[in-house]
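Next comes final_23.txt, a file with compact mmCIF, C-alpha atoms.
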```txt
# COMPACT_ATOMS: atom_id res chain seq x y z
CA MET A 1 -12.75 53.04 -16.15
CA THR A 2 -16.13 51.44 -15.86
CA VAL A 3 -15.84 49.36 -12.72
CA ASP A 4 -16.63 50.24 -9.15
CA ASP A 5 -14.82 49.19 -5.99
CA SER A 6 -16.66 45.89 -5.99
CA GLY A 7 -15.14 44.95 -9.33
CA SER A 8 -18.48 44.99 -11.13
CA ASP A 9 -18.21 45.13 -14.91
CA THR A 10 -21.27 47.33 -15.34
CA GLY A 11 -20.43 50.12 -17.77
CA ALA A 12 -20.32 53.63 -16.39
CA HIS A 13 -23.30 55.75 -17.40
CA GLY A 14 -24.87 52.68 -19.01
CA ARG A 15 -22.02 52.10 -21.47
CA VAL A 16 -20.94 48.66 -22.52
CA ASP A 17 -17.35 47.71 -21.69
CA PRO A 18 -15.12 47.88 -24.77
CA ASP A 19 -14.24 44.73 -26.63
CA PRO A 20 -10.59 43.72 -25.97
CA ALA A 21 -10.13 43.71 -29.75
CA ASP A 22 -10.76 47.47 -29.71
CA LEU A 23 -7.67 47.83 -27.53
CA GLY A 24 -5.36 46.42 -30.19
CA GLU A 25 -5.36 42.79 -29.08
CA ASP A 26 -6.15 41.66 -32.64
CA ASN A 27 -3.06 43.44 -33.97
CA PRO A 28 0.23 41.78 -32.93
CA LEU A 29 2.34 44.71 -34.19
CA ALA A 30 0.25 47.21 -32.24
CA LEU A 31 0.78 45.17 -29.08
CA ARG A 32 4.52 44.84 -29.70
CA LEU A 33 4.78 48.58 -30.31
CA GLU A 34 2.83 49.33 -27.14
CA GLN A 35 5.05 47.03 -25.08
CA LEU A 36 8.15 48.65 -26.57
CA ILE A 37 6.98 52.15 -25.70
CA LEU A 38 5.59 51.33 -22.26
CA GLY A 39 8.37 48.93 -21.38
CA ALA A 40 5.91 46.40 -19.98
CA GLU A 41 3.05 44.15 -21.01
CA ARG A 42 -0.59 44.36 -20.04
CA ARG A 43 -1.24 42.68 -16.71
CA TYR A 44 -4.05 44.47 -14.89
CA THR A 45 -7.67 45.42 -15.28
CA PRO A 46 -8.41 48.90 -13.93
CA PHE A 47 -9.83 47.42 -10.74
CA GLN A 48 -6.77 45.21 -10.23
CA ALA A 49 -4.42 48.15 -10.86
CA ALA A 50 -6.24 50.35 -8.36
CA ARG A 51 -6.20 47.60 -5.74
CA SER A 52 -2.51 46.89 -6.32
CA ALA A 53 -1.71 50.58 -5.98
CA GLY A 54 -3.69 50.80 -2.76
CA VAL A 55 -6.13 53.44 -3.96
CA THR A 56 -9.87 53.48 -4.41
CA MET A 57 -11.30 52.83 -7.85
CA GLU A 58 -12.91 56.26 -7.71
CA LEU A 59 -9.57 58.03 -7.23
CA ALA A 60 -7.86 55.87 -9.85
CA THR A 61 -10.61 56.73 -12.32
CA ARG A 62 -10.21 60.46 -11.60
CA PHE A 63 -6.46 60.25 -12.19
CA TRP A 64 -6.73 58.25 -15.43
CA ARG A 65 -9.45 60.42 -16.89
CA ALA A 66 -7.50 63.55 -15.92
CA MET A 67 -4.52 62.19 -17.86
CA GLY A 68 -6.80 61.81 -20.88
CA PHE A 69 -7.13 58.02 -20.98
CA ALA A 70 -10.39 56.38 -22.01
CA ASP A 71 -12.39 53.98 -19.85
CA VAL A 72 -11.47 50.38 -20.69
CA GLY A 73 -13.95 48.42 -18.60
CA GLN A 74 -12.69 45.02 -17.43
CA ALA A 75 -10.03 44.57 -20.12
CA LYS A 76 -6.46 43.84 -19.04
CA ALA A 77 -5.04 47.02 -20.49
CA LEU A 78 -2.77 48.37 -17.74
CA THR A 79 0.84 47.70 -16.84
CA GLU A 80 3.10 47.84 -13.80
CA ALA A 81 3.97 51.42 -14.78
CA ASP A 82 0.30 52.40 -14.45
CA VAL A 83 0.22 50.96 -10.95
CA LEU A 84 3.43 52.80 -10.02
CA ALA A 85 2.06 56.11 -11.34
CA LEU A 86 -1.07 55.69 -9.19
CA ARG A 87 1.06 54.92 -6.13
CA ARG A 88 3.19 58.00 -6.69
CA LEU A 89 0.27 60.39 -7.08
CA ALA A 90 -1.57 58.89 -4.14
CA GLY A 91 1.64 58.97 -2.10
CA LEU A 92 2.02 62.71 -2.68
CA VAL A 93 -1.52 63.19 -1.39
CA GLU A 94 -0.97 60.94 1.65
CA ALA A 95 2.27 62.77 2.50
CA GLY A 96 0.41 66.08 2.47
CA LEU A 97 2.57 67.48 -0.34
CA LEU A 98 -0.43 67.79 -2.67
CA SER A 99 -4.13 67.98 -2.06
CA GLU A 100 -6.22 65.46 -3.96
CA ALA A 101 -7.55 68.23 -6.19
CA MET A 102 -4.02 69.42 -6.94
CA ALA A 103 -2.87 65.87 -7.74
CA VAL A 104 -5.72 65.56 -10.24
CA GLN A 105 -4.70 68.92 -11.72
CA VAL A 106 -1.11 67.70 -12.07
CA ALA A 107 -2.39 64.63 -13.91
CA ARG A 108 -4.60 66.74 -16.17
CA SER A 109 -2.00 69.37 -17.08
CA THR A 110 0.64 66.71 -17.76
CA GLY A 111 -1.77 64.61 -19.80
CA GLN A 112 -2.97 67.51 -21.93
CA THR A 113 0.53 68.77 -22.67
CA THR A 114 2.12 65.42 -23.46
CA GLY A 115 -1.00 64.25 -25.33
CA ARG A 116 -0.62 67.07 -27.81
CA LEU A 117 3.10 66.37 -28.10
CA ALA A 118 2.52 62.67 -28.75
CA GLU A 119 -0.10 63.38 -31.41
CA TRP A 120 2.29 65.72 -33.20
CA GLN A 121 5.16 63.24 -33.05
CA ILE A 122 3.09 60.42 -34.48
CA ASP A 123 1.21 62.49 -37.08
CA SER A 124 4.16 64.50 -38.34
CA PHE A 125 7.51 63.36 -37.04
CA LEU A 126 7.25 59.58 -37.20
CA GLU A 127 5.05 59.68 -40.28
CA GLY A 128 7.87 61.25 -42.25
CA LEU A 129 10.52 58.91 -40.87
CA THR A 130 8.60 55.71 -41.50
CA GLU A 131 8.17 56.12 -45.23
CA PRO A 132 8.77 52.57 -46.63
CA PRO A 133 12.33 52.47 -47.99
CA GLU A 134 11.60 49.68 -50.48
CA PRO A 135 8.66 48.80 -52.74
CA GLY A 136 6.38 46.25 -51.18
CA MET A 137 7.17 47.21 -47.58
CA THR A 138 4.44 48.69 -45.44
CA ARG A 139 4.78 51.64 -43.14
CA THR A 140 4.00 49.47 -40.14
CA GLU A 141 6.94 47.18 -40.93
CA VAL A 142 9.43 50.01 -40.50
CA THR A 143 7.72 51.73 -37.59
CA TYR A 144 8.92 49.35 -34.86
CA PRO A 145 12.70 49.63 -35.48
CA ILE A 146 12.45 53.41 -35.91
CA VAL A 147 10.59 53.80 -32.60
CA GLU A 148 13.06 51.44 -30.93
CA LEU A 149 15.96 53.67 -31.98
CA LEU A 150 14.29 57.01 -31.26
CA LEU A 151 12.52 56.26 -27.98
CA PRO A 152 15.44 56.61 -25.53
CA GLU A 153 16.74 59.74 -27.25
CA LEU A 154 13.34 61.43 -27.34
CA GLU A 155 12.69 60.48 -23.72
CA GLU A 156 15.94 62.05 -22.53
CA PHE A 157 15.32 65.17 -24.61
CA LEU A 158 11.79 65.50 -23.21
CA VAL A 159 13.09 65.35 -19.63
CA TYR A 160 15.84 67.87 -20.46
CA VAL A 161 13.40 70.41 -21.94
CA TRP A 162 10.95 69.90 -19.07
CA ARG A 163 13.67 70.54 -16.49
CA ARG A 164 14.78 73.67 -18.37
CA GLN A 165 11.22 74.97 -18.52
CA LEU A 166 10.68 74.11 -14.84
CA ALA A 167 13.84 76.01 -13.86
CA ALA A 168 12.74 79.06 -15.83
CA SER A 169 9.25 79.02 -14.32
CA ALA A 170 10.60 78.52 -10.80
CA GLY A 171 12.93 81.46 -11.31
CA ARG A 172 10.05 83.72 -12.25
CA VAL A 173 8.04 82.60 -9.21
CA VAL A 174 10.79 83.17 -6.63
CA GLN A 175 11.39 86.65 -8.03
CA ALA A 176 7.76 87.60 -7.37
CA ALA A 177 7.40 90.45 -4.89
CA ASP A 178 4.92 88.62 -2.66
CA ASP A 179 2.78 85.50 -2.43
CA GLU A 180 -0.19 87.20 -4.10
CA GLU A 181 1.94 88.13 -7.11
CA MET A 182 2.86 84.48 -7.58
CA VAL A 183 -0.75 83.69 -8.52
CA ASP A 184 -2.17 86.97 -9.84
CA ARG A 185 0.67 88.68 -11.67
CA ARG A 186 0.96 91.87 -13.70
CA LEU A 187 1.95 90.91 -17.21
CA ALA A 188 1.88 92.21 -20.75
CA VAL A 189 -0.55 90.06 -22.74
CA ALA A 190 -0.59 90.02 -26.55
CA PHE A 191 -2.59 88.37 -29.31
CA ALA A 192 -1.21 88.30 -32.86
CA ASP A 193 -3.80 87.48 -35.50
CA LEU A 194 -3.59 86.77 -39.23
CA VAL A 195 -5.88 89.12 -41.17
CA GLY A 196 -8.37 87.50 -43.56
CA PHE A 197 -7.61 83.95 -42.50
CA THR A 198 -11.21 82.77 -42.93
CA ARG A 199 -11.16 84.00 -46.51
CA LEU A 200 -7.90 82.13 -47.11
CA THR A 201 -9.40 78.86 -45.91
CA ARG A 202 -11.93 79.01 -48.76
CA ARG A 203 -9.43 79.43 -51.56
CA MET A 204 -6.34 77.49 -50.41
CA GLU A 205 -5.77 73.75 -50.50
CA GLU A 206 -5.62 72.08 -47.09
CA GLU A 207 -1.92 71.26 -47.43
CA GLU A 208 -1.09 74.85 -48.39
CA LEU A 209 -3.13 76.16 -45.50
CA GLY A 210 -1.37 73.80 -43.10
CA GLU A 211 2.03 74.97 -44.32
CA LEU A 212 1.02 78.62 -43.93
CA VAL A 213 -0.20 78.07 -40.37
CA GLU A 214 2.93 76.12 -39.47
CA ALA A 215 5.16 78.88 -40.91
CA PHE A 216 3.26 81.52 -38.94
CA GLU A 217 3.38 79.57 -35.69
CA THR A 218 7.09 78.81 -36.14
CA THR A 219 7.95 82.44 -36.86
CA ALA A 220 5.91 83.66 -33.90
CA ALA A 221 7.26 81.04 -31.50
CA ASP A 222 10.88 81.75 -32.45
CA LEU A 223 10.48 85.52 -32.11
CA VAL A 224 8.64 85.28 -28.80
CA ALA A 225 11.28 82.96 -27.33
CA ALA A 226 14.27 84.90 -28.68
CA ARG A 227 13.02 88.20 -27.23
CA GLY A 228 12.22 86.83 -23.77
CA GLY A 229 8.46 86.36 -24.00
CA ARG A 230 6.49 83.19 -23.34
CA LEU A 231 4.21 81.60 -25.90
CA ILE A 232 1.02 80.53 -24.15
CA LYS A 233 -0.78 78.87 -27.05
CA THR A 234 -1.39 78.88 -30.76
CA LEU A 235 -4.88 78.92 -32.24
CA GLY A 236 -4.24 78.34 -35.94
CA ASP A 237 -4.45 81.91 -37.21
CA GLU A 238 -3.68 83.46 -33.82
CA VAL A 239 -1.00 83.23 -31.14
CA LEU A 240 -1.16 84.32 -27.53
CA TYR A 241 2.01 85.32 -25.70
CA VAL A 242 2.93 87.13 -22.51
CA ALA A 243 5.95 89.06 -21.25
CA ASP A 244 7.00 90.29 -17.84
CA ASP A 245 7.23 93.88 -19.06
CA ALA A 246 5.59 96.05 -21.70
CA GLY A 247 8.88 96.82 -23.44
CA THR A 248 9.59 93.17 -24.20
CA ALA A 249 6.05 92.58 -25.47
CA THR A 250 6.35 95.68 -27.65
CA GLU A 251 9.57 94.57 -29.33
CA ILE A 252 8.08 91.16 -30.06
CA ALA A 253 4.91 92.68 -31.55
CA LEU A 254 6.76 95.14 -33.78
CA ARG A 255 9.20 92.52 -35.01
CA LEU A 256 6.32 90.16 -35.77
CA ILE A 257 4.68 92.84 -37.92
CA GLU A 258 7.97 93.65 -39.66
CA THR A 259 8.95 90.02 -40.24
CA MET A 260 5.58 89.02 -41.64
CA ALA A 261 5.53 92.09 -43.92
CA GLN A 262 8.77 90.90 -45.54
CA ASP A 263 7.17 87.59 -46.58
CA ALA A 264 4.94 88.05 -49.63
CA THR A 265 3.31 84.65 -49.06
CA MET A 266 1.95 85.59 -45.63
CA PRO A 267 -1.20 87.59 -44.86
CA GLU A 268 -1.03 90.85 -42.95
CA LEU A 269 -0.86 90.68 -39.18
CA ARG A 270 -2.53 92.67 -36.42
CA VAL A 271 -1.63 92.71 -32.73
CA GLY A 272 -3.56 93.73 -29.62
CA MET A 273 -1.87 94.11 -26.22
CA ALA A 274 -2.93 94.96 -22.68
CA PHE A 275 -1.07 95.30 -19.38
CA GLY A 276 -2.42 94.33 -16.00
CA THR A 277 -3.23 91.58 -13.53
CA VAL A 278 -3.39 88.11 -15.03
CA THR A 279 -4.43 84.82 -13.43
CA THR A 280 -2.38 81.82 -14.54
CA ARG A 281 -3.76 78.28 -14.44
CA MET A 282 -2.27 75.13 -15.99
CA GLY A 283 0.01 77.14 -18.24
CA ASP A 284 -2.80 79.34 -19.54
CA VAL A 285 -3.74 82.93 -18.66
CA PHE A 286 -7.14 84.35 -17.77
CA GLY A 287 -8.77 87.57 -16.72
CA THR A 288 -9.90 90.99 -17.87
CA THR A 289 -6.42 91.87 -19.19
CA VAL A 290 -6.47 88.85 -21.49
CA ASN A 291 -9.99 89.63 -22.68
CA LEU A 292 -9.03 93.24 -23.38
CA ALA A 293 -5.98 92.22 -25.43
CA SER A 294 -8.20 89.90 -27.48
CA ARG A 295 -10.78 92.65 -28.12
CA LEU A 296 -8.08 95.12 -29.16
CA THR A 297 -6.77 92.59 -31.66
CA SER A 298 -10.19 92.25 -33.25
CA ILE A 299 -10.42 96.03 -33.90
CA ALA A 300 -6.79 96.65 -34.87
CA PRO A 301 -6.19 97.68 -38.50
CA ARG A 302 -3.94 95.40 -40.55
CA ASP A 303 -0.20 95.65 -39.90
CA THR A 304 -0.71 97.67 -36.73
CA VAL A 305 -0.43 97.22 -32.98
CA LEU A 306 -3.12 98.49 -30.60
CA VAL A 307 -2.56 98.70 -26.83
CA ASP A 308 -4.72 99.72 -23.90
CA SER A 309 -4.12 102.81 -21.75
CA ALA A 310 -2.41 100.81 -18.97
CA PHE A 311 0.05 99.42 -21.51
CA ALA A 312 0.71 102.91 -22.91
CA GLU A 313 1.26 104.30 -19.40
CA GLU A 314 3.75 101.52 -18.67
CA LEU A 315 5.76 102.30 -21.82
CA ILE A 316 5.80 106.00 -20.88
CA ARG A 317 6.85 105.19 -17.30
CA THR A 318 9.78 103.03 -18.42
CA GLY A 319 10.96 105.53 -21.01
CA ASP A 320 10.22 103.30 -24.00
CA ALA A 321 7.82 105.89 -25.44
CA PRO A 322 7.10 109.59 -24.90
CA ALA A 323 3.69 110.74 -23.74
CA SER A 324 3.45 112.67 -27.02
CA GLU A 325 5.67 114.00 -29.78
CA ALA A 326 5.48 117.42 -28.11
CA ALA A 327 6.76 115.87 -24.87
CA ALA A 328 9.57 114.16 -26.80
CA ALA A 329 10.60 117.46 -28.43
CA GLU A 330 10.53 119.24 -25.06
CA ALA A 331 12.66 116.51 -23.45
CA ALA A 332 15.17 116.71 -26.32
CA ALA A 333 15.38 120.49 -26.03
CA THR A 334 15.92 120.30 -22.28
CA ALA A 335 18.65 117.68 -22.70
CA GLU A 336 20.42 119.77 -25.34
CA LYS A 337 20.25 122.85 -23.13
CA GLU A 338 21.84 120.95 -20.26
CA GLY A 339 24.44 119.28 -22.48
CA GLU A 340 23.01 115.80 -22.00
CA GLU A 341 22.03 113.04 -24.39
CA PRO A 342 18.37 113.33 -25.40
CA PRO A 343 16.03 110.48 -24.42
CA SER A 344 16.12 107.55 -26.83
CA TYR A 345 12.54 106.39 -27.29
CA ARG A 346 12.00 103.08 -29.07
CA CYS A 347 8.37 103.57 -30.00
CA ALA A 348 5.62 106.12 -30.42
CA LEU A 349 2.06 106.19 -29.10
CA GLN A 350 -0.96 107.83 -30.69
CA PRO A 351 -4.29 107.92 -28.80
CA MET A 352 -7.24 106.70 -30.83
CA TRP A 353 -10.94 107.46 -30.46
CA GLN A 354 -12.52 106.00 -27.35
CA ARG A 355 -14.94 103.23 -28.18
CA PRO A 356 -17.19 100.76 -26.41
CA VAL A 357 -15.87 97.21 -26.29
CA ARG A 358 -18.30 94.39 -25.68
CA GLY A 359 -18.14 93.22 -22.08
CA LEU A 360 -15.44 95.72 -21.11
CA GLY A 361 -17.10 99.12 -21.36
CA VAL A 362 -15.44 102.12 -23.01
CA VAL A 363 -11.72 101.77 -23.74
CA GLU A 364 -9.16 104.13 -25.23
CA PRO A 365 -6.88 102.25 -27.63
CA TRP A 366 -3.43 103.59 -28.45
CA LEU A 367 -1.72 102.99 -31.78
CA LEU A 368 1.81 101.72 -31.16
CA SER A 369 4.56 102.07 -33.76
CA ARG A 370 8.33 102.13 -33.97
CA ARG A 371 9.78 105.65 -33.93
CA ASN A 372 11.82 107.14 -36.75
CA GLY A 373 15.41 105.96 -36.49
CA ALA A 374 14.62 103.12 -34.10
CA ALA A 375 16.01 99.81 -35.31
CA GLY A 376 13.47 97.45 -36.81
CA SER A 377 14.03 93.81 -37.68
CA ASN A 378 17.48 93.23 -39.21
CA GLY A 379 18.41 96.74 -38.09
CA ALA A 380 16.18 98.39 -40.67
CA PRO A 381 14.71 101.81 -39.91
CA GLY A 382 11.35 101.69 -38.21
CA ALA A 383 8.03 102.87 -39.56
CA PRO A 384 7.20 106.56 -39.35
CA ALA A 385 6.15 107.67 -35.90
CA ALA A 386 2.43 108.04 -35.37
CA GLY A 387 1.02 111.41 -34.51
```
Transcribe the structure of this file into structure tokens.
Amino acid sequence: MTVDDSGSDTGAHGRVDPDPADLGEDNPLALRLEQLILGAERRYTPFQAARSAGVTMELATRFWRAMGFADVGQAKALTEADVLALRRLAGLVEAGLLSEAMAVQVARSTGQTTGRLAEWQIDSFLEGLTEPPEPGMTRTEVTYPIVELLLPELEEFLVYVWRRQLAASAGRVVQAADDEEMVDRRLAVAFADLVGFTRLTRRMEEEELGELVEAFETTAADLVAARGGRLIKTLGDEVLYVADDAGTATEIALRLIETMAQDATMPELRVGMAFGTVTTRMGDVFGTTVNLASRLTSIAPRDTVLVDSAFAEELIRTGDAPASEAAAAEAAATAEKEGEEPPSYRCALQPMWQRPVRGLGVVEPWLLSRRNGAAGSNGAPGAPAAG
């Protein structure tokens, strides 16, 4: 927005207000498509919309920019739905349910998430569906009816998935031990990184590279979800996920390594994991634990998993791994002597040389592997135990 409360059309920061033609007004199909998707036609300038919603232009501008929408100057580019959205956000602030800063954060997190989704749907999903069915037809001629048919279905599906995700997140919050744990939680954090990706980018065609990245992200996302982890984000050749416990994160990491190793078209993978306090903001995670997991990934050998000492201690505490092979043998002997079943460890830990890690001091990585006899992906035997 580039108007102030007086309605002046002076561009913000010295910019000139955009030409209405830049907003699609010279393209009848673009306008028809916009009206179809928004369910309303353009009626308001930003100043008029803010006034109709009963909010200051400054607050309206903060909300719109937070949602990721560009300044449009004095053009009539907004609809009744834009006014209603402003009223709702402002109403939550007036009712004391949200602070103004939190309302802006809601707008920003929603805008960023749905913006990425919309870009994907247009670039990939709709692009494939709107291939002209007959010679001579243009893609734009078939876009409108396709969008008209898909819009209500996609909208309902979006709301369904959002409610499901909200229920899952709310469940995790109410199970927190105390209020502090709701914000700063102890989680297992993991990065999985494709080895030699930069080298691949120099010798692969763009389309091939895109397919490889998509296959990797799909495999990782499916495994993380199926095993009870949460995918935080994908970064092309790297994925970041978290889990509530070290055992879950471990199973995901090992299965990722095993699954990728079975695909000859995929590069090797390396995983770094850490366990500790994590700060969550807008669906992302921050803090020393996250930084440590990232550093461990960068020093992990190919097709291996490195964890920090806190992660190793957690696996030992929960009985997922023995403190050492000697400890495992002693526990088995004791169990046999007492006529009990020996402990069933899923993985093995081998301490590595301590080393300095930039920004984090000296750390002691542990090499994590699946123990002999433990089931790998598809029930296959695991890799030999380390140490």
Between CA of Thr288 (chain A) and CA of Cys347 (chain A), measure the distance and give it in Å to one decimal.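 So the answer is 25.3 Å.
CA of Ala321 (chain A) lies 25.8 Å from CA of Leu360 (chain A).
Distances from A:Thr79, A:Gln121, A:Thr279, A:Ser294 to Glu238 (chain A) were compared using all atoms listed in the file, and the smallest one belongs to A:Ser294.
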Between CA of Tyr144 (chain A) and CA of Arg32 (chain A) - distance in Å to one decimal: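 Answer for the CA of Arg32 (chain A) to CA of Tyr144 (chain A) separation: 8.1 Å.
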For Val363 (chain A): contacts at 9 Å, all atoms listed in the file, fewer than 2 positions along chain excluded, given as number ranges by chain: A: 292, 308-309, 353-357, 360-361, 365
Under the rule that only C-alpha atoms are counted, which of A:Glu80, A:Glu100, A:Glu314, A:Asp303 is the nearest residue to Tyr44 (chain A)? A:Glu80
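In this comparison, which uses all atoms listed in the file, the residue of A:Gly91, A:Gly210, A:Gly111, A:Gly276 approaching Ser124 (chain A) most closely is A:Gly210.
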Contacts of Phe275 (chain A) within 9 Å, all atoms listed in the file, excl. fewer than 6 positions in-chain, as a count of residues only: 17
Show which residues sit within 8 Å of region 149-161 of chain A, as a list in words. Count all atoms listed in the file, and ignore same-chain residues fewer than 4 positions away. Ile37, Pro145 and Gln165 of chain A
Exercise: region 255-268 of chain A partners within 9 Å, only C-alpha atoms, chain neighbours under 2 positions left out, as a compact mmCIF listing (two decimals) with C-alpha atoms, keeping the file's coordinate frame:
```
# COMPACT_ATOMS: atom_id res chain seq x y z
CA ALA A 192 -1.21 88.30 -32.86
CA ASP A 193 -3.80 87.48 -35.50
CA LEU A 194 -3.59 86.77 -39.23
CA VAL A 195 -5.88 89.12 -41.17
CA GLY A 196 -8.37 87.50 -43.56
CA PHE A 197 -7.61 83.95 -42.50
CA LEU A 200 -7.90 82.13 -47.11
CA LEU A 212 1.02 78.62 -43.93
CA ALA A 215 5.16 78.88 -40.91
CA PHE A 216 3.26 81.52 -38.94
CA THR A 219 7.95 82.44 -36.86
CA ALA A 220 5.91 83.66 -33.90
CA LEU A 223 10.48 85.52 -32.11
CA VAL A 224 8.64 85.28 -28.80
CA THR A 250 6.35 95.68 -27.65
CA GLU A 251 9.57 94.57 -29.33
CA ILE A 252 8.08 91.16 -30.06
CA ALA A 253 4.91 92.68 -31.55
CA ARG A 270 -2.53 92.67 -36.42
CA VAL A 271 -1.63 92.71 -32.73
CA ARG A 302 -3.94 95.40 -40.55
CA ASP A 303 -0.20 95.65 -39.90
CA THR A 304 -0.71 97.67 -36.73
CA VAL A 305 -0.43 97.22 -32.98
CA GLY A 376 13.47 97.45 -36.81
CA SER A 377 14.03 93.81 -37.68
CA GLY A 382 11.35 101.69 -38.21
```
Neighbouring residues of Val83 (chain A) were defined as those with any atom within 9 Å, considering only C-alpha atoms; residues of the same chain fewer than 5 positions away were excluded. Please report them as a list in words. Tyr44, Ala49, Ala50, Arg51, Ser52, Ala53, Leu78 and Arg88 of chain A
Selection from above, C-alpha atoms, as a PDB file, keeping the file's coordinate frame, can you write it?
```pdb
ATOM      1  CA  TYR A  44      -4.050  44.470 -14.890  1.00  0.00           C
ATOM      2  CA  ALA A  49      -4.420  48.150 -10.860  1.00  0.00           C
ATOM      3  CA  ALA A  50      -6.240  50.350  -8.360  1.00  0.00           C
ATOM      4  CA  ARG A  51      -6.200  47.600  -5.740  1.00  0.00           C
ATOM      5  CA  SER A  52      -2.510  46.890  -6.320  1.00  0.00           C
ATOM      6  CA  ALA A  53      -1.710  50.580  -5.980  1.00  0.00           C
ATOM      7  CA  LEU A  78      -2.770  48.370 -17.740  1.00  0.00           C
ATOM      8  CA  ARG A  88       3.190  58.000  -6.690  1.00  0.00           C
TER       9      ARG A  88
END
```
